[in-house]
file entry_16.csv (CSV, C-alpha atoms)
chain,number,residue,atom,x,y,z
Y,563,MET,CA,43.0,-65.8,-12.3
Y,564,PRO,CA,42.2,-67.3,-9.0
Y,565,ASP,CA,44.7,-67.3,-6.2
Y,566,SER,CA,46.0,-70.8,-6.0
Y,567,GLY,CA,46.7,-71.5,-2.4
Y,568,THR,CA,48.7,-74.6,-1.4
Y,569,TRP,CA,45.9,-77.0,-0.4
Y,570,GLY,CA,47.6,-80.3,-1.3
Y,571,GLY,CA,50.4,-82.0,0.6
Y,572,GLY,CA,48.7,-83.3,3.6
Y,573,PRO,CA,47.2,-81.9,6.9
Y,574,ARG,CA,50.3,-80.1,7.9
Y,575,VAL,CA,50.5,-78.1,4.7
Y,576,PHE,CA,46.7,-77.4,5.0
Y,577,ASP,CA,47.1,-76.1,8.5
Y,578,ARG,CA,50.0,-73.9,7.6
Y,579,THR,CA,48.1,-72.5,4.7
Y,580,LEU,CA,45.1,-71.7,6.9
Y,581,ALA,CA,47.4,-70.0,9.4
Y,582,ARG,CA,48.9,-67.9,6.7
Y,583,ILE,CA,45.4,-66.9,5.4
Y,584,GLY,CA,44.3,-66.1,9.0
Y,585,LEU,CA,47.4,-64.0,9.6
Y,586,ALA,CA,46.7,-62.1,6.4
Y,587,PHE,CA,43.1,-61.3,7.4
Y,588,LEU,CA,44.2,-60.3,10.9
Y,589,ILE,CA,46.7,-57.8,9.4
Y,590,GLY,CA,44.2,-56.7,6.8
Y,591,ILE,CA,41.4,-56.0,9.3
Y,592,ALA,CA,43.8,-54.2,11.5
Y,593,GLY,CA,44.8,-52.1,8.5
Y,594,ALA,CA,41.2,-51.4,7.7
Y,595,LEU,CA,40.4,-50.3,11.2
Y,596,THR,CA,43.5,-48.1,11.3
Y,597,ALA,CA,42.7,-46.5,8.0
Y,598,LYS,CA,39.1,-45.9,9.1
Y,599,SER,CA,40.3,-44.2,12.3
Y,600,ILE,CA,42.4,-41.7,10.4
Y,601,SER,CA,39.7,-41.0,7.8
Y,602,MET,CA,41.7,-42.5,4.9
Y,603,PRO,CA,39.7,-42.6,1.7
Y,604,LEU,CA,38.4,-46.1,0.8
Y,605,PRO,CA,39.7,-47.4,4.1
Y,606,TYR,CA,38.4,-51.0,3.8
Y,607,LEU,CA,40.3,-51.5,0.6
Y,608,LEU,CA,43.4,-49.3,1.0
Y,609,GLY,CA,44.0,-50.2,4.7
Y,610,PRO,CA,44.3,-54.0,4.1
Y,611,LEU,CA,46.3,-53.4,0.9
Y,612,LEU,CA,48.9,-51.2,2.5
Y,613,ALA,CA,49.1,-53.3,5.7
Y,614,CYS,CA,49.4,-56.7,4.0
Y,615,GLY,CA,51.7,-55.3,1.3
Y,616,SER,CA,54.0,-53.9,3.9
Y,617,ALA,CA,53.9,-57.1,5.9
Y,618,ALA,CA,54.6,-59.2,2.8
Y,619,ILE,CA,57.6,-57.1,1.8
Y,620,LEU,CA,58.9,-57.5,5.3
Y,621,GLY,CA,58.7,-61.2,5.0
Y,622,ALA,CA,55.5,-62.1,6.8
Y,623,PRO,CA,54.1,-65.5,5.8
Y,624,LEU,CA,50.9,-64.4,4.3
Y,625,ALA,CA,48.4,-66.1,1.9
Y,626,ALA,CA,45.3,-64.8,0.3
Y,627,LEU,CA,42.0,-66.7,0.5
Y,628,PRO,CA,41.7,-68.9,-2.6
Y,629,TYR,CA,38.9,-67.4,-4.8
Y,630,GLY,CA,38.5,-64.6,-2.3
Y,631,ARG,CA,39.2,-61.8,-4.7
Y,632,GLU,CA,37.0,-63.5,-7.3
Y,633,LEU,CA,34.0,-63.7,-4.9
Y,634,GLY,CA,34.7,-60.1,-3.9
Y,635,GLN,CA,34.5,-59.1,-7.5
Y,636,VAL,CA,31.1,-61.0,-7.8
Y,637,ALA,CA,29.7,-58.8,-5.1
Y,638,VAL,CA,31.0,-55.6,-6.7
Y,639,GLY,CA,29.8,-56.7,-10.1
Y,640,LEU,CA,26.3,-57.4,-8.9
Y,641,ALA,CA,26.2,-54.0,-7.1
Y,642,ILE,CA,27.2,-52.2,-10.3
Y,643,GLY,CA,24.9,-54.3,-12.6
Y,644,LEU,CA,21.8,-53.7,-10.5
Y,645,ARG,CA,22.2,-50.0,-11.2
Y,646,PHE,CA,21.9,-50.4,-15.0
Y,647,VAL,CA,18.3,-49.4,-15.4
Y,648,PRO,CA,17.3,-48.6,-19.0
Y,649,ALA,CA,17.7,-44.8,-18.5
Y,650,VAL,CA,21.3,-45.3,-17.3
Y,651,VAL,CA,22.1,-47.6,-20.3
Y,652,VAL,CA,20.8,-45.0,-22.8
Y,653,ALA,CA,22.9,-42.3,-21.1
Y,654,ILE,CA,26.0,-44.4,-21.1
Y,655,ALA,CA,25.5,-45.4,-24.8
Y,656,LYS,CA,25.7,-41.7,-25.7
Y,657,LEU,CA,29.2,-41.6,-24.2
Y,658,LEU,CA,30.5,-44.5,-26.4
Y,659,PRO,CA,32.4,-42.2,-28.8
Y,660,PHE,CA,34.2,-40.6,-25.9
Y,661,MET,CA,35.0,-44.0,-24.4
Y,662,LEU,CA,36.7,-45.0,-27.6
Y,663,VAL,CA,38.7,-41.8,-28.0
Y,664,ALA,CA,39.8,-42.0,-24.3
Y,665,THR,CA,40.8,-45.6,-24.9
Y,666,VAL,CA,42.9,-44.8,-28.0
Y,667,LEU,CA,44.7,-42.0,-26.1
Y,668,MET,CA,45.4,-44.3,-23.2
Y,669,VAL,CA,46.8,-47.0,-25.5
Y,670,VAL,CA,49.1,-44.4,-27.1
Y,671,ALA,CA,50.2,-43.3,-23.6
Y,672,THR,CA,51.0,-46.9,-22.6
Y,673,MET,CA,53.1,-47.4,-25.7
Y,674,ILE,CA,55.1,-44.3,-24.7
Y,675,ALA,CA,55.3,-45.7,-21.2
Y,676,ALA,CA,56.7,-48.9,-22.7
Y,677,LEU,CA,59.4,-47.0,-24.4
Y,678,ILE,CA,60.3,-45.3,-21.1
Y,679,LEU,CA,60.3,-48.6,-19.2
Y,680,ARG,CA,62.5,-50.3,-21.8
Y,681,LYS,CA,65.0,-47.4,-21.5
Y,682,LEU,CA,65.0,-47.3,-17.7
Y,683,ALA,CA,64.8,-51.0,-16.9
Y,684,GLY,CA,66.6,-52.4,-19.9
Y,685,THR,CA,63.9,-54.9,-20.8
Y,686,ASP,CA,63.2,-56.3,-24.2
Y,687,ARG,CA,60.4,-54.8,-26.4
Y,688,LYS,CA,57.7,-57.4,-25.7
Y,689,THR,CA,58.2,-57.4,-22.0
Y,690,ALA,CA,58.0,-53.6,-21.9
Y,691,PHE,CA,54.9,-53.5,-24.0
Y,692,PHE,CA,53.0,-56.1,-22.0
Y,693,ALA,CA,54.2,-54.6,-18.7
Y,694,THR,CA,52.6,-51.3,-19.5
Y,695,ALA,CA,49.5,-52.3,-21.4
Y,696,ALA,CA,46.3,-51.0,-19.7
Y,697,ALA,CA,44.6,-54.3,-19.0
Y,698,GLY,CA,44.5,-56.8,-16.2
Y,699,LEU,CA,47.5,-58.1,-14.3
Y,700,ALA,CA,46.6,-61.7,-14.7
Y,701,GLU,CA,45.6,-61.5,-18.4
Y,702,MET,CA,48.8,-59.6,-19.4
Y,703,ALA,CA,51.1,-62.0,-17.5
Y,704,VAL,CA,49.5,-65.0,-19.3
Y,705,VAL,CA,49.7,-63.4,-22.8
Y,706,ALA,CA,53.3,-62.2,-22.1
Y,707,HIS,CA,54.3,-65.8,-21.2
Y,708,GLN,CA,52.7,-67.1,-24.3
Y,709,LYS,CA,54.6,-64.6,-26.5
Y,710,GLY,CA,58.0,-65.2,-24.9
Y,711,ALA,CA,58.2,-62.1,-22.7
Y,712,ASP,CA,59.3,-62.1,-19.1
Y,713,SER,CA,56.1,-62.7,-17.2
Y,714,ASP,CA,57.7,-62.0,-13.8
Y,715,ILE,CA,58.6,-58.4,-14.9
Y,716,VAL,CA,55.2,-58.0,-16.5
Y,717,ALA,CA,53.5,-59.0,-13.2
Y,718,VAL,CA,55.6,-56.8,-11.0
Y,719,VAL,CA,55.1,-53.7,-13.2
Y,720,HIS,CA,51.4,-54.2,-13.4
Y,721,LEU,CA,51.2,-54.8,-9.6
Y,722,ILE,CA,53.1,-51.6,-8.9
Y,723,ARG,CA,51.0,-49.7,-11.4
Y,724,VAL,CA,47.6,-50.9,-10.1
Y,725,THR,CA,48.6,-50.6,-6.4
Y,726,THR,CA,50.0,-47.1,-6.9
Y,727,ILE,CA,47.0,-45.8,-8.8
Y,728,VAL,CA,44.5,-47.5,-6.5
Y,729,THR,CA,46.3,-45.9,-3.6
Y,730,THR,CA,46.7,-42.4,-5.1
Y,731,VAL,CA,43.5,-41.8,-7.0
Y,732,PRO,CA,41.1,-42.0,-3.9
Y,733,PHE,CA,43.2,-39.3,-2.3
Y,734,LEU,CA,43.0,-37.2,-5.5
Y,735,VAL,CA,39.2,-37.8,-5.6
Y,736,THR,CA,38.9,-36.7,-2.0
Y,737,ILE,CA,41.0,-33.5,-2.6
Y,738,PHE,CA,39.2,-32.5,-5.8
Y,739,ALA,CA,35.6,-33.6,-5.1
Y,740,GLN,CA,32.7,-33.2,-2.9
Y,741,ASP,CA,30.3,-36.1,-2.3
Y,742,GLY,CA,28.7,-36.9,-5.7
Y,743,GLY,CA,25.2,-37.2,-4.3
Y,744,ILE,CA,24.3,-40.4,-6.0
Y,745,ASN,CA,22.8,-42.6,-3.4
Y,746,ILE,CA,21.2,-46.0,-3.7
Y,747,PRO,CA,17.8,-46.1,-1.9
Y,748,PRO,CA,18.0,-48.3,1.1
Y,749,ILE,CA,16.3,-51.7,0.6
Y,750,PRO,CA,15.5,-53.9,3.7
Y,751,PHE,CA,17.9,-56.8,3.5
Y,752,ARG,CA,15.7,-59.2,5.4
Y,753,GLY,CA,13.0,-59.1,2.8
Y,754,GLU,CA,15.4,-59.4,-0.1
Y,755,ALA,CA,17.9,-61.9,1.3
Y,756,LEU,CA,16.9,-64.9,-0.7
Y,757,PRO,CA,16.9,-63.2,-4.1
Y,758,LEU,CA,20.2,-61.5,-3.4
Y,759,ILE,CA,21.8,-64.8,-2.3
Y,760,ALA,CA,20.4,-66.5,-5.5
Y,761,LEU,CA,21.8,-63.7,-7.6
Y,762,PHE,CA,25.2,-64.0,-5.9
Y,763,ALA,CA,25.2,-67.8,-6.5
Y,764,ALA,CA,24.1,-67.4,-10.1
Y,765,GLY,CA,26.8,-64.7,-10.7
Y,766,ALA,CA,29.6,-66.8,-9.1
Y,767,SER,CA,28.5,-70.0,-10.9
Y,768,ALA,CA,28.3,-68.3,-14.3
Y,769,ALA,CA,31.6,-66.6,-13.9
Y,770,PHE,CA,33.2,-69.9,-12.8
Y,771,LEU,CA,31.8,-71.7,-15.9
Y,772,ILE,CA,32.7,-69.0,-18.3
Y,773,ARG,CA,36.3,-68.4,-17.0
Y,774,GLY,CA,37.6,-71.0,-19.4
Y,775,LEU,CA,36.9,-68.6,-22.3
Y,776,LYS,CA,39.8,-66.4,-21.1
Y,777,LEU,CA,37.6,-63.2,-21.1
Y,778,PRO,CA,39.0,-60.3,-19.1
Y,779,ASN,CA,37.5,-59.5,-15.7
Y,780,THR,CA,35.1,-62.4,-15.9
Y,781,TRP,CA,34.3,-62.5,-12.2
Y,782,LEU,CA,33.3,-58.8,-12.3
Y,783,LEU,CA,31.6,-58.5,-15.7
Y,784,VAL,CA,29.5,-61.7,-15.7
Y,785,PRO,CA,27.7,-60.9,-12.4
Y,786,ALA,CA,27.4,-57.2,-13.6
Y,787,ALA,CA,25.7,-58.5,-16.7
Y,788,ILE,CA,23.3,-60.7,-14.7
Y,789,GLY,CA,22.5,-57.7,-12.4
Y,790,ALA,CA,21.9,-55.5,-15.4
Y,791,LEU,CA,19.5,-58.0,-16.9
Y,792,VAL,CA,17.6,-58.3,-13.6
Y,793,SER,CA,17.4,-54.5,-13.2
Y,794,GLY,CA,16.7,-53.9,-16.9
Y,795,PHE,CA,13.7,-56.2,-16.9
Y,796,GLY,CA,12.2,-54.4,-13.9
Y,797,PHE,CA,12.7,-57.0,-11.2
Y,798,GLY,CA,13.4,-55.8,-7.7
Y,799,PRO,CA,14.6,-53.2,-6.8
Y,800,PHE,CA,17.5,-55.0,-5.3
Y,801,ALA,CA,20.7,-53.6,-3.8
Y,802,VAL,CA,23.8,-55.3,-2.4
Y,803,PRO,CA,24.0,-54.5,1.3
Y,804,SER,CA,26.9,-52.1,2.3
Y,805,ILE,CA,28.3,-54.7,4.7
Y,806,VAL,CA,28.8,-57.1,1.8
Y,807,LEU,CA,30.7,-54.5,-0.2
Y,808,THR,CA,32.8,-53.7,2.9
Y,809,ILE,CA,33.7,-57.4,3.2
Y,810,ALA,CA,34.5,-57.5,-0.5
Y,811,GLN,CA,36.8,-54.5,-0.2
Y,812,VAL,CA,38.7,-56.1,2.7
Y,813,VAL,CA,39.1,-59.4,0.8
Y,814,ILE,CA,40.3,-57.7,-2.4
Y,815,GLY,CA,42.7,-55.4,-0.4
Y,816,VAL,CA,44.2,-58.4,1.4
Y,817,TRP,CA,44.6,-60.2,-2.0
Y,818,LEU,CA,46.4,-57.2,-3.6
Y,819,GLY,CA,48.7,-56.8,-0.6
Y,820,CYS,CA,49.6,-60.5,-0.5
Y,821,ARG,CA,50.8,-60.2,-4.2
Y,822,PHE,CA,54.0,-58.4,-3.0
Y,823,ARG,CA,57.0,-60.6,-2.4
Y,824,ARG,CA,60.3,-59.2,-1.0
Y,825,SER,CA,62.3,-61.7,-3.0
Y,826,LEU,CA,60.8,-60.8,-6.3
Y,827,LEU,CA,60.9,-57.0,-5.7
Y,828,GLY,CA,64.5,-57.3,-4.5
Y,829,ARG,CA,65.5,-59.2,-7.6
Y,830,LEU,CA,63.8,-56.7,-9.8
Y,831,TRP,CA,64.6,-53.5,-8.0
Y,832,ARG,CA,65.5,-51.6,-11.2
Y,833,VAL,CA,62.3,-52.7,-12.8
Y,834,SER,CA,60.3,-51.7,-9.6
Y,835,SER,CA,61.8,-48.2,-9.6
Y,836,SER,CA,61.2,-47.8,-13.3
Y,837,ALA,CA,57.6,-49.0,-12.8
Y,838,LEU,CA,57.0,-46.2,-10.4
Y,839,MET,CA,58.2,-43.7,-12.9
Y,840,THR,CA,56.1,-45.0,-15.8
Y,841,THR,CA,53.1,-45.2,-13.4
Y,842,ALA,CA,53.6,-41.5,-12.6
Y,843,PHE,CA,53.6,-40.7,-16.3
Y,844,LEU,CA,50.4,-42.7,-17.0
Y,845,LEU,CA,48.7,-41.0,-14.0
Y,846,ILE,CA,49.6,-37.5,-15.3
Y,847,VAL,CA,48.3,-38.5,-18.8
Y,848,ALA,CA,45.1,-39.8,-17.2
Y,849,VAL,CA,44.6,-36.5,-15.4
Y,850,GLY,CA,45.0,-34.6,-18.7
Y,851,ILE,CA,42.5,-36.9,-20.4
Y,852,ALA,CA,40.1,-36.6,-17.5
Y,853,TRP,CA,40.1,-32.8,-17.7
Y,854,ALA,CA,39.4,-32.9,-21.5
Y,855,LEU,CA,36.7,-35.6,-21.0
Y,856,SER,CA,35.0,-33.5,-18.3
Y,857,ALA,CA,35.0,-30.4,-20.5
Y,858,ALA,CA,33.6,-32.3,-23.5
Y,859,THR,CA,30.9,-34.3,-21.7
Y,860,GLY,CA,29.9,-32.4,-18.6
Y,861,LEU,CA,31.0,-35.3,-16.4
Y,862,SER,CA,32.7,-34.2,-13.2
Y,863,PHE,CA,36.5,-34.3,-13.2
Y,864,VAL,CA,36.7,-37.0,-10.6
Y,865,THR,CA,34.2,-39.2,-12.4
Y,866,SER,CA,36.2,-38.7,-15.5
Y,867,LEU,CA,39.5,-39.5,-13.7
Y,868,LEU,CA,38.1,-42.7,-12.3
Y,869,ALA,CA,36.8,-43.6,-15.7
Y,870,VAL,CA,40.1,-43.3,-17.5
Y,871,ALA,CA,42.6,-44.2,-14.8
Y,872,PRO,CA,44.6,-47.3,-16.0
Y,873,ALA,CA,43.9,-49.4,-12.9
Y,874,GLY,CA,41.5,-52.2,-11.9
Y,875,VAL,CA,37.8,-51.9,-12.8
Y,876,THR,CA,36.8,-53.2,-9.4
Y,877,GLU,CA,38.9,-50.7,-7.4
Y,878,MET,CA,37.8,-47.7,-9.5
Y,879,ALA,CA,34.2,-48.7,-9.3
Y,880,LEU,CA,34.5,-49.1,-5.5
Y,881,THR,CA,36.1,-45.6,-5.2
Y,882,ALA,CA,33.2,-44.2,-7.2
Y,883,THR,CA,30.7,-46.0,-5.0
Y,884,ALA,CA,32.3,-44.8,-1.8
Y,885,MET,CA,32.2,-41.2,-3.1
Y,886,HIS,CA,28.6,-41.5,-4.3
Y,887,LEU,CA,29.8,-40.8,-7.9
Y,888,ASP,CA,28.6,-42.4,-11.1
Y,889,ALA,CA,30.0,-45.9,-10.7
Y,890,THR,CA,28.1,-47.2,-13.8
Y,891,THR,CA,29.7,-44.7,-16.1
Y,892,VAL,CA,33.1,-45.4,-14.5
Y,893,THR,CA,32.6,-49.1,-15.1
Y,894,ALA,CA,31.5,-48.6,-18.7
Y,895,PHE,CA,34.6,-46.6,-19.5
Y,896,GLN,CA,36.9,-49.1,-17.8
Y,897,ILE,CA,35.2,-52.1,-19.5
Y,898,THR,CA,35.5,-50.4,-22.9
Y,899,ARG,CA,39.2,-49.8,-22.4
Y,900,ILE,CA,40.0,-53.3,-21.3
Y,901,ALA,CA,37.8,-54.9,-24.1
Y,902,VAL,CA,39.6,-52.8,-26.8
Y,903,VAL,CA,43.0,-53.5,-25.3
Y,904,MET,CA,42.5,-57.2,-25.1
Y,905,THR,CA,41.0,-57.6,-28.6
Y,906,THR,CA,43.7,-55.5,-30.3
Y,907,ILE,CA,46.7,-56.4,-28.2
Y,908,LEU,CA,48.6,-58.3,-30.8
Y,909,PHE,CA,47.9,-55.7,-33.5
Y,910,THR,CA,49.2,-52.9,-31.2
Y,911,LEU,CA,52.2,-55.0,-30.3
Y,912,ARG,CA,53.2,-55.1,-34.0
Y,913,ILE,CA,52.8,-51.3,-34.2
Y,914,PHE,CA,54.9,-50.8,-31.1
Y,915,GLU,CA,57.7,-53.1,-32.2
Y,916,THR,CA,57.8,-51.5,-35.6
Y,917,PHE,CA,57.9,-48.0,-34.1
Y,918,SER,CA,60.4,-49.0,-31.5
Y,919,ARG,CA,62.8,-50.5,-34.1
Y,920,ARG,CA,62.6,-47.3,-36.2
Y,921,LEU,CA,63.3,-45.2,-33.1
Y,922,ASP,CA,66.3,-47.3,-32.3
Y,923,ALA,CA,67.6,-47.0,-35.8
Y,924,THR,CA,67.4,-43.3,-35.8
Y,925,SER,CA,69.2,-43.0,-32.5
Y,926,ASP,CA,72.1,-45.2,-33.6

call {"tool": "encode", "arguments": {"input": "entry_16.csv", "output": "structure tokens"}}
result
Amino acid sequence: MPDSGTWGGGPRVFDRTLARIGLAFLIGIAGALTAKSISMPLPYLLGPLLACGSAAILGAPLAALPYGRELGQVAVGLAIGLRFVPAVVVAIAKLLPFMLVATVLMVVATMIAALILRKLAGTDRKTAFFATAAAGLAEMAVVAHQKGADSDIVAVVHLIRVTTIVTTVPFLVTIFAQDGGINIPPIPFRGEALPLIALFAAGASAAFLIRGLKLPNTWLLVPAAIGALVSGFGFGPFAVPSIVLTIAQVVIGVWLGCRFRRSLLGRLWRVSSSALMTTAFLLIVAVGIAWALSAATGLSFVTSLLAVAPAGVTEMALTATAMHLDATTVTAFQITRIAVVMTTILFTLRIFETFSRRLDATSD
């Protein structure tokens, strides 16, 4: 869902909002430069995320750019989609059974995480279930509200999970991997500027129009589909310039950092600490699934880890791109998981509630 900045209320409110957005970007850019100077992995995403998150928790008046994250996702989606040449599509299709098995294993793991969260944080069943489901923060918060769960708790747990994994996984990738060696051939930007601008406009417009269908990750997947069609039919070759992806990372990192609020985290301190524990559990499970996936398919361990990690598609794809790993395979796994989770969420909720009640009955 788009970040709804406060644009109404007159010129003074407008000026204050602009000042808050400007401050967020100043802090985010400073964080990016600092992260780059110390050779932090994925510096243009993690630097702004950590800097703005810390500032927000300390009470700084920050605001994210409205639709900034969405436009950043459009750029990343196009970059991924333009890699889906026919040979890549065929190779990924062969991995579909493994995608489904990995998704089922992760769904089971999130149910166990929900039981852990319910015990540690004292939440009700529905809230614990939606808070640990391996899908998007915005989508789960909306569904949780519709089903009578505590959407604040759901949002906080998802935010902590995504932020923790997005922050941790790039370091794991850096420790366990060498450069993946997948490089996109350089394409002169000047000669391809107009087609790329047209693709970006088409992707953003299509995502904006389709957003009402409530599909998950619309702003990433719709541009990716458009890019894949362009690439699949032999147009181009086109490639999103690295500077555009750098800007997208900064914007997305600032957006994630601005989600933190000291007042909400303070009110839900028990939930926050419990979320860290359930996230650690899910990350350990993801590492185990990644090892098995790597052994079964021949994919590298780090590609497998990015493919199954229960975090944002955009952030995992960016990590794969930065390490010259197979971002298309990572994206395909992530999309499969989210699609399965979103289409079966109410069915799996009933399974979880039934199992949880029986577990409570046996412990009484």

call {"tool": "atom_distance", "arguments": {"input": "entry_16.csv", "atom1": "CA of Ala790 in chain Y", "atom2": "CA of Gly765 in chain Y"}}
result
11.4 Å

call {"tool": "atom_distance", "arguments": {"input": "entry_16.csv", "atom1": "CA of Thr689 in chain Y", "atom2": "CA of Leu845 in chain Y"}}
result
20.6 Å

call {"tool": "closest_residue", "arguments": {"input": "entry_16.csv", "among": "Y:Leu633, Y:Val816, Y:Ala717, Y:Ile589", "to": "Ala768 in chain Y", "atoms": "all atoms listed in the file"}}
result
Y:Leu633

call {"tool": "atom_distance", "arguments": {"input": "entry_16.csv", "atom1": "CA of Met878 in chain Y", "atom2": "CA of Leu855 in chain Y"}}
result
16.7 Å

call {"tool": "closest_residue", "arguments": {"input": "entry_16.csv", "among": "Y:Leu880, Y:Met904, Y:Ile674, Y:Ala664", "to": "Ser856 in chain Y", "atoms": "all atoms listed in the file"}}
result
Y:Ala664

call {"tool": "residues_around", "arguments": {"input": "entry_16.csv", "residues": "Pro603 in chain Y", "least_positions_apart": "3", "cutoff": "10 Å", "atoms": "all atoms listed in the file", "output": "mmCIF file with C-alpha atoms, in the frame of the given file"}}
result
data_model
loop_
_atom_site.group_PDB
_atom_site.id
_atom_site.type_symbol
_atom_site.label_atom_id
_atom_site.label_comp_id
_atom_site.auth_asym_id
_atom_site.auth_seq_id
_atom_site.Cartn_x
_atom_site.Cartn_y
_atom_site.Cartn_z
ATOM 1 C CA ALA Y 597 42.700 -46.500 8.000
ATOM 2 C CA LYS Y 598 39.100 -45.900 9.100
ATOM 3 C CA ILE Y 600 42.400 -41.700 10.400
ATOM 4 C CA TYR Y 606 38.400 -51.000 3.800
ATOM 5 C CA LEU Y 607 40.300 -51.500 0.600
ATOM 6 C CA LEU Y 608 43.400 -49.300 1.000
ATOM 7 C CA GLY Y 609 44.000 -50.200 4.700
ATOM 8 C CA THR Y 729 46.300 -45.900 -3.600
ATOM 9 C CA THR Y 730 46.700 -42.400 -5.100
ATOM 10 C CA VAL Y 731 43.500 -41.800 -7.000
ATOM 11 C CA PRO Y 732 41.100 -42.000 -3.900
ATOM 12 C CA PHE Y 733 43.200 -39.300 -2.300
ATOM 13 C CA LEU Y 734 43.000 -37.200 -5.500
ATOM 14 C CA VAL Y 735 39.200 -37.800 -5.600
ATOM 15 C CA THR Y 736 38.900 -36.700 -2.000
ATOM 16 C CA THR Y 881 36.100 -45.600 -5.200
ATOM 17 C CA ALA Y 884 32.300 -44.800 -1.800
ATOM 18 C CA MET Y 885 32.200 -41.200 -3.100
#

call {"tool": "residues_near_point", "arguments": {"input": "entry_16.csv", "point": "(46.2, -54.2, -20.0)", "cutoff": "9 Å", "atoms": "all atoms listed in the file", "output": "JSON, numbers by chain"}}
result
{"Y": [692, 693, 694, 695, 696, 697, 698, 699, 701, 702, 720, 872, 873, 899, 900, 903, 904, 907]}

call {"tool": "closest_residue", "arguments": {"input": "entry_16.csv", "among": "Y:Gly590, Y:Leu657, Y:Val784, Y:Ala871", "to": "Ala763 in chain Y", "atoms": "only C-alpha atoms"}}
result
Y:Val784
